[in-house]
Every structure is written in C-alpha cells, then in structure tokens.
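my_file-v3.txt (compact mmCIF, C-alpha atoms)
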```
# COMPACT_ATOMS: atom_id res chain seq x y z
CA MET C 1 82.46 92.57 202.05
CA GLU C 2 80.07 92.65 199.18
CA ASP C 3 80.03 96.47 199.18
CA ARG C 4 83.80 96.49 198.97
CA ILE C 5 83.87 94.32 195.92
CA ILE C 6 81.29 96.51 194.21
CA LYS C 7 83.40 99.58 194.92
CA ILE C 8 86.46 97.92 193.46
CA LEU C 9 84.59 96.97 190.32
CA GLN C 10 83.24 100.49 189.92
CA SER C 11 86.74 101.90 190.29
CA LEU C 12 87.92 99.58 187.54
CA LYS C 13 85.40 101.16 185.20
CA LEU C 14 87.29 104.39 185.53
CA ILE C 15 90.59 102.97 184.23
CA LYS C 16 91.49 104.60 180.85
CA PRO C 17 94.30 103.77 178.45
CA ASP C 18 97.28 106.00 178.03
CA GLU C 19 96.82 108.62 175.25
CA GLY C 20 99.95 107.46 173.42
CA PHE C 21 98.76 103.85 173.46
CA VAL C 22 95.39 104.92 172.05
CA SER C 23 97.05 106.85 169.25
CA ARG C 24 99.49 104.04 168.32
CA SER C 25 96.77 101.40 168.38
CA ARG C 26 94.52 103.49 166.14
CA ASN C 27 97.29 103.99 163.61
CA THR C 28 98.17 100.31 163.63
CA VAL C 29 94.54 99.30 163.03
CA LEU C 30 93.96 101.85 160.31
CA ASN C 31 97.19 100.97 158.44
CA SER C 32 96.66 97.20 158.48
CA PRO C 33 95.41 95.60 155.19
CA GLN C 34 91.68 95.45 154.86
CA ASN C 35 89.99 92.09 154.30
CA THR C 36 88.01 92.20 151.10
CA ARG C 37 85.05 90.00 150.40
CA TRP C 38 85.90 86.86 148.28
CA VAL C 39 84.77 87.25 144.68
CA PRO C 40 85.03 84.23 142.34
CA ASN C 41 87.56 84.70 139.52
CA LEU C 42 85.60 84.50 136.33
CA ASN C 43 88.51 84.86 133.86
CA PHE C 44 87.40 82.81 130.82
CA LEU C 45 90.85 81.50 129.87
CA GLU C 46 91.59 80.37 133.39
CA THR C 47 88.25 78.58 133.57
CA LEU C 48 88.93 76.90 130.25
CA LYS C 49 92.40 75.74 131.36
CA PHE C 50 91.00 74.37 134.57
CA SER C 51 88.22 72.51 132.72
CA ALA C 52 90.64 71.03 130.21
CA ALA C 53 92.99 69.84 132.94
CA LEU C 54 90.11 68.33 134.87
CA THR C 55 88.79 66.55 131.77
CA LEU C 56 92.22 65.17 130.86
CA ALA C 57 92.85 63.99 134.39
CA SER C 58 89.45 62.28 134.45
CA ALA C 59 90.10 60.60 131.10
CA LEU C 60 93.52 59.36 132.22
CA LEU C 61 92.06 58.05 135.46
CA PHE C 62 89.36 56.29 133.45
CA VAL C 63 91.89 54.63 131.18
CA PHE C 64 94.18 53.80 134.10
CA LEU C 65 91.36 52.05 135.89
CA GLY C 66 90.69 49.88 132.83
CA GLY C 67 87.85 51.93 131.45
CA LEU C 68 88.57 50.80 127.89
CA ALA C 69 87.51 47.32 128.87
CA TYR C 70 83.96 48.56 128.83
CA PHE C 71 84.20 49.18 125.12
CA ASN C 72 84.36 46.67 122.34
CA VAL C 73 87.89 46.51 120.83
CA LYS C 74 86.36 47.33 117.43
CA ASN C 75 85.69 50.80 118.74
CA ALA C 76 89.15 51.36 120.15
CA SER C 77 91.13 54.06 118.42
CA PRO C 78 93.63 52.79 115.81
CA MET C 79 96.14 55.14 117.46
CA LEU C 80 95.99 52.93 120.55
CA LEU C 81 96.75 49.85 118.45
CA SER C 82 99.43 51.11 116.10
CA GLY C 83 100.93 47.63 115.63
CA VAL C 84 97.88 46.16 113.93
CA ASN C 85 97.03 49.26 111.90
CA ASP C 86 95.75 47.73 108.70
CA ASN C 87 96.97 50.20 106.06
CA ASP C 88 100.56 50.37 107.33
CA LEU C 89 100.70 46.60 107.52
CA LYS C 90 99.52 46.15 103.94
CA VAL C 91 102.03 48.69 102.65
CA GLU C 92 104.88 46.86 104.36
CA GLU C 93 103.65 43.48 103.12
CA ALA C 94 103.32 44.78 99.57
CA ASN C 95 106.88 46.08 99.74
CA VAL C 96 108.12 42.58 100.61
CA ASP C 97 106.11 41.19 97.67
CA PHE C 98 107.67 43.84 95.44
CA GLN C 99 111.15 42.82 96.50
CA ILE C 100 110.41 39.20 95.69
CA GLN C 101 108.67 39.66 92.35
CA LEU C 102 109.69 42.93 90.78
CA GLY C 103 112.82 43.94 92.61
CA GLU C 104 115.16 45.99 90.45
CA VAL C 105 118.15 44.02 91.62
CA THR C 106 116.84 40.70 90.35
CA TYR C 107 116.42 42.29 86.95
CA HIS C 108 120.18 42.68 86.59
CA LEU C 109 120.58 38.92 87.03
CA ASP C 110 117.73 38.07 84.66
CA SER C 111 118.84 40.47 81.93
CA GLU C 112 122.36 39.03 81.74
CA LYS C 113 121.42 35.98 79.63
CA GLU C 114 119.08 37.93 77.39
CA LEU C 115 121.69 40.55 76.53
CA GLY C 116 124.27 37.82 75.93
CA ALA C 117 121.91 36.09 73.49
CA GLN C 118 121.34 39.37 71.62
CA ILE C 119 125.09 40.02 71.29
CA GLU C 120 125.61 36.44 70.06
CA GLU C 121 122.90 37.06 67.48
CA LEU C 122 124.65 40.25 66.38
CA ILE C 123 127.97 38.40 66.00
CA LYS C 124 126.26 35.70 63.92
CA ASN C 125 124.73 38.33 61.64
CA TYR C 126 128.18 39.65 60.69
CA MET Z 1 83.94 54.47 100.85
CA LEU Z 2 86.47 53.89 103.65
CA LYS Z 3 87.67 50.75 101.88
CA ILE Z 4 88.27 52.71 98.67
CA ILE Z 5 90.23 55.39 100.57
CA GLY Z 6 92.25 52.68 102.34
CA ALA Z 7 93.08 50.94 99.06
CA LEU Z 8 94.11 54.24 97.52
CA LEU Z 9 96.37 54.98 100.48
CA VAL Z 10 98.06 51.58 100.13
CA PHE Z 11 98.50 52.11 96.38
CA VAL Z 12 99.96 55.60 96.75
CA SER Z 13 102.23 54.55 99.63
CA LEU Z 14 103.63 51.69 97.57
CA PHE Z 15 104.78 54.03 94.86
CA ALA Z 16 106.05 56.45 97.47
CA ILE Z 17 108.29 53.72 98.89
CA SER Z 18 109.97 52.61 95.67
CA PRO Z 19 109.49 55.26 93.00
CA ARG Z 20 113.10 55.19 91.84
CA VAL Z 21 113.23 51.40 91.75
CA SER Z 22 110.16 51.12 89.51
CA ALA Z 23 111.29 53.86 87.15
CA GLN Z 24 114.78 52.38 86.80
CA SER Z 25 113.54 48.86 86.20
CA GLU Z 26 111.26 50.18 83.50
CA ALA Z 27 114.09 52.16 81.87
CA LEU Z 28 116.31 49.07 81.81
CA LYS Z 29 113.57 46.83 80.45
CA SER Z 30 112.84 49.38 77.76
CA ALA Z 31 116.55 49.61 76.85
CA LEU Z 32 116.80 45.81 76.56
CA ARG Z 33 113.69 45.69 74.37
CA GLU Z 34 115.35 48.29 72.13
CA VAL Z 35 118.42 46.05 71.83
CA SER Z 36 116.27 43.07 70.78
CA ALA Z 37 114.38 45.15 68.24
CA SER Z 38 117.55 46.72 66.86
CA VAL Z 39 119.62 43.53 66.45
CA ASN Z 40 117.24 42.13 63.86
CA ASN Z 41 115.99 45.31 62.23
CA GLU Z 42 118.74 47.92 62.28
CA SER Z 43 122.36 48.22 61.18
CA GLY Z 44 125.08 46.61 63.30
CA ASP Z 45 126.51 49.89 64.60
CA LYS Z 46 123.07 51.05 65.78
CA ALA Z 47 122.43 47.72 67.48
CA LEU Z 48 125.82 47.83 69.16
CA LYS Z 49 125.19 51.38 70.37
CA LYS Z 50 121.96 50.14 71.97
CA VAL Z 51 123.88 47.33 73.68
CA ILE Z 52 126.32 49.92 75.05
CA ASN Z 53 123.40 52.15 76.07
CA PHE Z 54 121.83 49.28 78.03
CA LEU Z 55 125.11 48.52 79.81
CA SER Z 56 125.62 52.23 80.62
CA LEU Z 57 122.11 52.45 82.08
CA GLN Z 58 122.77 49.35 84.14
CA ILE Z 59 126.03 50.81 85.48
CA ASP Z 60 124.28 54.06 86.32
CA ASP Z 61 121.46 52.19 88.03
CA LEU Z 62 123.79 50.05 90.14
CA THR Z 63 125.87 53.11 91.08
CA LYS Z 64 122.75 54.95 92.28
CA SER Z 65 121.54 51.90 94.22
CA LEU Z 66 124.92 51.50 95.91
CA ASN Z 67 125.07 55.20 96.80
CA ALA Z 68 121.55 55.05 98.26
CA ILE Z 69 122.54 52.50 100.93
CA LYS Z 70 122.77 53.92 104.43
CA GLY Z 71 123.89 52.59 107.79
CA ILE Z 72 126.34 49.92 106.72
CA SER Z 73 129.36 48.53 108.52
CA VAL Z 74 132.94 49.64 107.84
CA GLU Z 75 133.62 46.34 106.10
CA GLN Z 76 130.55 46.73 103.89
CA GLU Z 77 131.53 50.32 103.16
CA ALA Z 78 134.85 49.05 101.82
CA ILE Z 79 133.03 46.53 99.63
CA ARG Z 80 130.72 49.24 98.35
CA GLN Z 81 133.64 51.49 97.46
CA ASP Z 82 135.30 48.62 95.63
CA PHE Z 83 132.10 48.06 93.63
CA LEU Z 84 131.76 51.78 92.89
CA ASP Z 85 135.34 51.90 91.61
CA PHE Z 86 134.67 48.92 89.37
CA LEU Z 87 131.50 50.52 87.97
CA ASN Z 88 133.39 53.75 87.34
CA GLU Z 89 136.07 51.87 85.40
CA SER Z 90 133.39 50.00 83.45
CA ALA Z 91 131.70 53.26 82.50
CA LYS Z 92 135.05 54.60 81.25
CA TYR Z 93 135.60 51.43 79.21
CA LEU Z 94 132.22 51.79 77.51
CA ASP Z 95 132.78 55.52 76.91
CA GLY Z 96 136.06 54.66 75.19
CA LEU Z 97 134.43 52.36 72.62
CA VAL Z 98 134.08 54.05 69.25
CA VAL Z 99 131.22 52.66 67.20
CA GLY Z 100 130.46 54.06 63.76
CA SER Z 101 129.20 52.97 60.40
CA GLY Z 102 132.71 51.87 59.37
CA SER Z 103 133.46 49.91 62.56
CA ASP Z 104 134.20 46.21 62.56
CA ILE Z 105 130.94 45.23 64.23
CA LYS Z 106 131.81 41.55 64.63
CA ALA Z 107 135.14 42.35 66.35
CA LEU Z 108 133.58 45.00 68.62
CA ALA Z 109 130.64 42.76 69.54
CA ASN Z 110 133.10 39.96 70.37
CA GLU Z 111 135.20 42.33 72.46
CA ILE Z 112 132.18 43.56 74.44
CA ASN Z 113 130.95 40.02 74.92
CA ASN Z 114 134.33 38.83 76.18
CA TRP Z 115 134.53 41.79 78.56
CA ARG Z 116 131.07 41.00 79.88
CA GLU Z 117 131.78 37.31 80.38
CA ASN Z 118 135.26 37.67 81.85
CA ALA Z 119 134.95 40.80 83.99
CA TYR Z 120 131.60 42.50 84.05
CA ASN Z 121 128.92 39.86 84.66
CA GLN Z 122 130.59 38.28 87.65
CA ARG Z 123 130.99 41.63 89.41
CA VAL Z 124 127.44 42.69 88.56
CA ASN Z 125 126.22 39.47 90.16
CA LYS Z 126 128.20 40.28 93.28
CA ILE Z 127 126.87 43.84 93.38
CA THR Z 128 123.34 42.58 92.88
CA GLU Z 129 123.71 40.07 95.69
CA PHE Z 130 125.17 42.76 97.94
CA LEU Z 131 122.17 45.01 97.24
CA MET Z 132 119.71 42.14 97.74
CA VAL Z 133 121.15 41.27 101.14
CA LEU Z 134 121.12 44.86 102.35
CA GLN Z 135 117.58 45.46 101.09
CA THR Z 136 116.43 42.28 102.83
CA LYS Z 137 118.11 43.41 106.04
CA SER Z 138 116.21 46.67 105.81
CA LEU Z 139 112.89 44.87 105.27
CA LEU Z 140 113.66 42.54 108.15
CA LYS Z 141 114.30 45.50 110.42
CA THR Z 142 110.90 46.96 109.51
CA ALA Z 143 109.24 43.57 110.11
CA ASP Z 144 110.94 43.22 113.50
CA THR Z 145 109.71 46.67 114.52
CA ARG Z 146 106.21 45.67 113.43
CA LEU Z 147 106.46 42.45 115.47
CA VAL Z 148 107.38 44.41 118.61
CA LYS Z 149 104.47 46.83 118.07
CA ILE Z 150 101.98 44.00 117.57
CA GLY Z 151 103.35 42.24 120.66
CA SER Z 152 102.81 45.42 122.63
CA ASP Z 153 99.23 45.74 121.31
CA LEU Z 154 98.46 42.13 122.23
CA ALA Z 155 99.89 42.56 125.73
CA ARG Z 156 97.86 45.74 126.26
CA LEU Z 157 94.65 44.10 125.07
CA ARG Z 158 95.27 41.09 127.29
CA ASP Z 159 95.87 43.36 130.30
CA LEU Z 160 92.60 45.13 129.60
CA LYS Z 161 90.95 41.71 129.32
CA ILE Z 162 89.72 42.61 125.84
CA LEU Z 163 91.63 39.86 124.07
CA LYS Z 164 90.65 36.37 125.02
CA ASP Z 165 91.41 34.75 121.67
CA ASP Z 166 94.46 32.45 121.82
CA LYS Z 167 94.73 32.36 118.03
CA ALA Z 168 96.20 35.86 117.85
CA GLN Z 169 98.94 34.88 120.31
CA PHE Z 170 99.57 31.67 118.39
CA LEU Z 171 99.96 33.60 115.13
CA PHE Z 172 102.22 36.10 116.85
CA ASN Z 173 104.48 33.30 118.10
CA GLU Z 174 104.60 31.81 114.60
CA SER Z 175 105.58 35.15 113.05
CA ASN Z 176 108.29 35.54 115.64
CA ILE Z 177 109.73 32.14 114.67
CA LEU Z 178 109.52 33.06 110.96
CA LEU Z 179 111.35 36.34 111.46
CA VAL Z 180 114.05 34.67 113.53
CA ALA Z 181 114.54 32.18 110.68
CA ALA Z 182 114.58 35.02 108.13
CA GLY Z 183 117.23 36.77 110.21
CA ASP Z 184 119.30 33.61 110.29
CA LEU Z 185 119.07 33.19 106.50
CA THR Z 186 119.97 36.85 105.95
CA ASN Z 187 122.97 36.47 108.24
CA GLN Z 188 124.11 33.43 106.26
CA ALA Z 189 123.78 35.41 103.04
CA GLU Z 190 125.68 38.33 104.55
CA LEU Z 191 128.42 35.98 105.69
CA GLN Z 192 128.78 34.65 102.15
CA LEU Z 193 129.08 38.22 100.89
CA SER Z 194 131.89 39.06 103.24
CA THR Z 195 133.77 35.84 102.51
CA THR Z 196 136.30 36.77 99.86
CA THR Z 197 137.15 33.23 98.83
CA ILE Z 198 133.97 31.28 98.47
CA ILE Z 199 134.40 27.62 97.74
CA MET Z 200 131.66 26.94 95.25
CA ASP Z 201 129.59 24.09 96.61
CA GLU Z 202 126.60 23.11 94.47
CA ARG Z 203 124.85 21.57 97.46
CA LYS Z 204 124.89 24.79 99.47
CA PRO Z 205 122.39 27.55 98.65
CA GLY Z 206 123.89 30.72 97.23
CA VAL Z 207 123.24 34.29 98.35
CA ARG Z 208 120.30 34.65 95.99
CA ASP Z 209 118.59 31.50 97.29
CA LEU Z 210 119.18 32.51 100.90
CA VAL Z 211 117.78 35.98 100.29
CA PHE Z 212 114.67 34.64 98.55
CA LYS Z 213 114.09 32.16 101.36
CA ALA Z 214 114.45 34.98 103.90
CA LEU Z 215 112.04 37.19 101.94
CA THR Z 216 109.51 34.36 101.76
CA LYS Z 217 109.69 33.94 105.53
CA ILE Z 218 109.19 37.69 106.03
CA GLN Z 219 106.24 37.52 103.64
CA GLN Z 220 104.74 34.63 105.63
CA ALA Z 221 105.20 36.60 108.85
CA TYR Z 222 103.27 39.52 107.31
CA LYS Z 223 100.43 37.16 106.34
CA ARG Z 224 100.16 36.32 110.03
CA PHE Z 225 100.34 39.97 111.06
CA ILE Z 226 97.38 40.68 108.81
CA GLU Z 227 95.48 37.72 110.29
CA ILE Z 228 96.16 39.10 113.78
CA SER Z 229 94.94 42.50 112.62
CA GLY Z 230 91.75 40.83 111.34
CA ILE Z 231 91.18 39.19 114.73
CA ILE Z 232 91.78 42.37 116.72
CA LEU Z 233 90.09 44.80 114.37
CA PRO Z 234 87.40 42.71 112.64
CA ARG Z 235 86.14 44.16 109.36
CA PRO Z 236 82.43 44.90 109.12
```
Just dump the structure as structure tokens.
Amino acid sequence: MEDRIIKILQSLKLIKPDEGFVSRSRNTVLNSPQNTRWVPNLNFLETLKFSAALTLASALLFVFLGGLAYFNVKNASPMLLSGVNDNDLKVEEANVDFQIQLGEVTYHLDSEKELGAQIEELIKNY
Amino acid sequence: MLKIIGALLVFVSLFAISPRVSAQSEALKSALREVSASVNNESGDKALKKVINFLSLQIDDLTKSLNAIKGISVEQEAIRQDFLDFLNESAKYLDGLVVGSGSDIKALANEINNWRENAYNQRVNKITEFLMVLQTKSLLKTADTRLVKIGSDLARLRDLKILKDDKAQFLFNESNILLVAAGDLTNQAELQLSTTTIIMDERKPGVRDLVFKALTKIQQAYKRFIEISGIILPRP
C-alpha cells in the first residue's frame, strides 16, 4: 500500500505544464508593472506646504481647546480684541467731541447774530 | 515711544476724518472776521462786499455739506433737494446785487438784512439742523457698531475665562443704555425735521437741544468704552 502511494507521488513529479500555458504565463508576468522600492518625496515646496498646514491646524486646535486662557489677556493680540482697540476708540471719541464743540454746522447758527450786528453797524454808519 | 506713535496716529486720524469740515469752518470764521474789520475801517461798499462774500461762502459750504450726505431716505432726499434749490436761488440773489462806490450803501445793507431776517436765516437754521441730525445719526451708527464689537470681545474673554471682572460688563450695560437713549433723542430730532408744521412750544426741546443731548450721551458711552478698554488691556 505504502509502495503504491510512493509510486503515485513519483509519477506526479513528472507532470509538466502545457507549452502554451508556460509561454502565456511568462508574458503575463514580464508585462505586469514592477513594484519599485518606496522612496520618500523630498520636494521642498511640498514639505513646506505640509509643515505650514500642520502648524496652522495645531494652532487652531490650541485656540479651540482654550489655549489662550493660559496667557494673560495683556498679551493677547489686539487683532483678537478689535472692539477695545485703544487707538480706534480714541479717534471715534474725539470725533464726537469735535461734533459737539467745533462742528461746522453749529458755526452757521452762531455766526447769524454776529453778522446781523455787523450789518446793523454798517447801516448806522450811513 | 509706543505712546507717542499712538498719539500721533490719533491726531492724524482726526484730521483725516474731518479735513473739509475744519478747513471750511476756518474759511467762514476768517470771512466773518474780515467783515468785522471792514465795517469799522473800510468804505461802505467794501464792507458790504465782504458781507456778501461771507454769505456766498456760507451758501457754498452748506451746499457741499448737503451734497456730501449719503444713504438717506426718499423723504430726506426730497428735503435735501428743496434746501439745495433754496441755496441755489440765494446764490443767484447775491450774485445779482451790484455794489460799487456810488451805491446807496444804507439801502443795500437794509435790503440784505431784510432778506436775511425774512427768508435766509430761517432756512439756514433748518438746513443746519438737518445736517446736525444726519451727522449725529452717522456717529450713532459708528458707536453702535463699536458697542457690538466690544460686546463680542467681552463674551469671548468670558468664554475663555480670562475676564472675571464684573465692572467691564457693568460699564458695557451702561453704554448700551446711553446709546439707546441717544438713538431715541436722535429719532425725536429727526421726527421734528420731517414735521412740516411744527407748533412752536417753548417747553419742548428743539432739534438743536435734542441733537446735543444725543451727542452728549454718545460721548458718555465712549468714556465707558475707553474704561472697558483700560480694564481689558491695562496700560503699563
């Protein structure tokens, strides 16, 4: 029984593929794309873009998670607090003061009496 | 050094905001000073020409101010056009006056004075009030925008748990109340402008009083804005 199995196995060793199959398979293997070894892309611009995006994303995440709370408000950028920006505020306030004290329009009202008095004076002189 | 730069910026910005206004006021003041100097020191015809020059400058000034207004209602546009027509007619009247060395100065001076008292002054007052109300509305709009921005800053700082001072919020609430009151006064003044038949009531404040009260409230609101700014961004 054992000898029979050995014979069968030896006969299997003699099995050979069909010539056509061998030829087709060889062509298929040789024409398939070759796997190249992975090489890191060291393009400078791409690296820079990636770094910038990563930095921005990190900064936004930091702010989103309340990172600014770790800083004193004195150090916060004026751009973040545009409403209390000191210079703009003072300009606007000064403009209101100007309207109250020196406004051109009020001058028309104030000059009315003075001009009238001058014309009266002129009439008296003649 | 930073303080000096800041002060310079404020100074320059102020003149950038109202360059025309300052220059015109100065030109008018100068013209009126010339009238005063001329009445007592020069001949009657020269003095009268200076009176006419002052009035012409005033008409030109009011015309420019009226033309500079933007974003007004249809009703206000009609009022403006009416004022512009009046100023145009007044300019023609003054151009038509012939003053020379042989002119009857007393008669001409009387004629100009009567014209001023019966037609011109009243309309100039109306035009002035119209301009005052619209300028106050514009200032109020800027102040309201500032209030919203400061409110947004305060909310952000509270969310970040940076702001724990209740005083800033208190001042903000006060400025809000002041600007609401200023808006109410400006609306009252605007209503008086649009009312064609105003029953003169001595007890009721006129447009000028209402506008000055509104401006004072806006000014008080800005004092609070600056206090808030001092709390949030303390100076060294």
CA of Lys149 in chain Z to CA of Ile69 in chain Z, straight-line distance in Å: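 CA of Ile69 in chain Z sits 25.5 Å away from CA of Lys149 in chain Z.
Residues in contact with Ser38 in chain Z at up to 8 Å, not including ones fewer than 4 positions away on its chain and judged by all atoms listed in the file, are Glu34, Glu42, Ser43, Lys46, Ala47 and Lys50 of chain Z.
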Residues as selected, C-alpha atoms, written as an mmCIF file, in the coordinates of the input, can you do that?
```cif
data_model
loop_
_atom_site.group_PDB
_atom_site.id
_atom_site.type_symbol
_atom_site.label_atom_id
_atom_site.label_comp_id
_atom_site.auth_asym_id
_atom_site.auth_seq_id
_atom_site.Cartn_x
_atom_site.Cartn_y
_atom_site.Cartn_z
ATOM 1 C CA GLU Z 34 115.350 48.290 72.130
ATOM 2 C CA GLU Z 42 118.740 47.920 62.280
ATOM 3 C CA SER Z 43 122.360 48.220 61.180
ATOM 4 C CA LYS Z 46 123.070 51.050 65.780
ATOM 5 C CA ALA Z 47 122.430 47.720 67.480
ATOM 6 C CA LYS Z 50 121.960 50.140 71.970
#
```
Quiz item: How many Å separate CA of Gln219 in chain Z from CA of Lys167 in chain Z?
Solution: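 Rounded to one decimal, the two atoms are 19.1 Å apart.
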request  = Write out as a list in words the residues lying within 12 Å of Asp184 in chain Z, counting only C-alpha atoms and excluding same-chain residues fewer than 4 positions away.
outcome  =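 Non-adjacent residues within range: Thr136, Lys137, Leu140, Ile177, Leu178, Leu179, Val180, Gln188, Ala189, Glu190, Leu191, Leu210, Val211, Lys213, Ala214, Leu215, Lys217 and Ile218 of chain Z.
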Can you measure CA of Leu109 in chain C to CA of Val96 in chain C for me? One decimal in Å is fine.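 These two atoms are separated by 18.8 Å.
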Next item on the list: Point out the residue among Z:Ile105, Z:Ala155, Z:Val207, Z:Val35 with the least atom-to-atom distance to Met132 in chain Z, counting all atoms listed in the file.
Entry: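 Counting all atoms listed in the file, the residue closest to Met132 in chain Z is Z:Val207.
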request  = Please provide the set of residues having any atom within 12 Å of range 92-101 of chain Z, restricted to only C-alpha atoms, with same-chain residues fewer than 2 positions apart removed, written as a PyMOL selection string.
outcome  = chain Z and resi 42-60+85-90+103-109+111-112+115-116+119-120
Notebook entry, point to check: Mind listing as a VMD selection string all residues within 9 Å of (98.4, 45.0, 106.0), counting all atoms listed in the file?
Noted result: (chain C and resid 84 to 94) or (chain Z and resid 10 222 to 223 225 to 227 229)
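Closest approach to His108 in chain C among Z:Asn67, Z:Gln122, Z:Asn114, Z:Ser73: Z:Gln122, based on all atoms listed in the file.
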query = Hey, what's within 7 Å of Ser175 in chain Z if we count all atoms listed in the file and toss same-chain stuff fewer than 4 positions away? As number ranges by chain, please?
reply = Z: 171, 179, 221, 224
Given 4 Å on each side, where is the centre and what are the edge lengths in Å to one decimal of the axis-aligned box enclosing the listed atoms of range 84-101 of chain Z, as lines of an AutoDock Vina configuration file?
```
center_x = 132.6
center_y = 52.2
center_z = 76.6
size_x = 14.9
size_y = 14.6
size_z = 40.5
```
Judged by all atoms listed in the file, the minimum distance to Asp166 in chain Z among Z:Thr216, Z:Ile231, Z:Glu129, Z:Asn118 is found for Z:Ile231
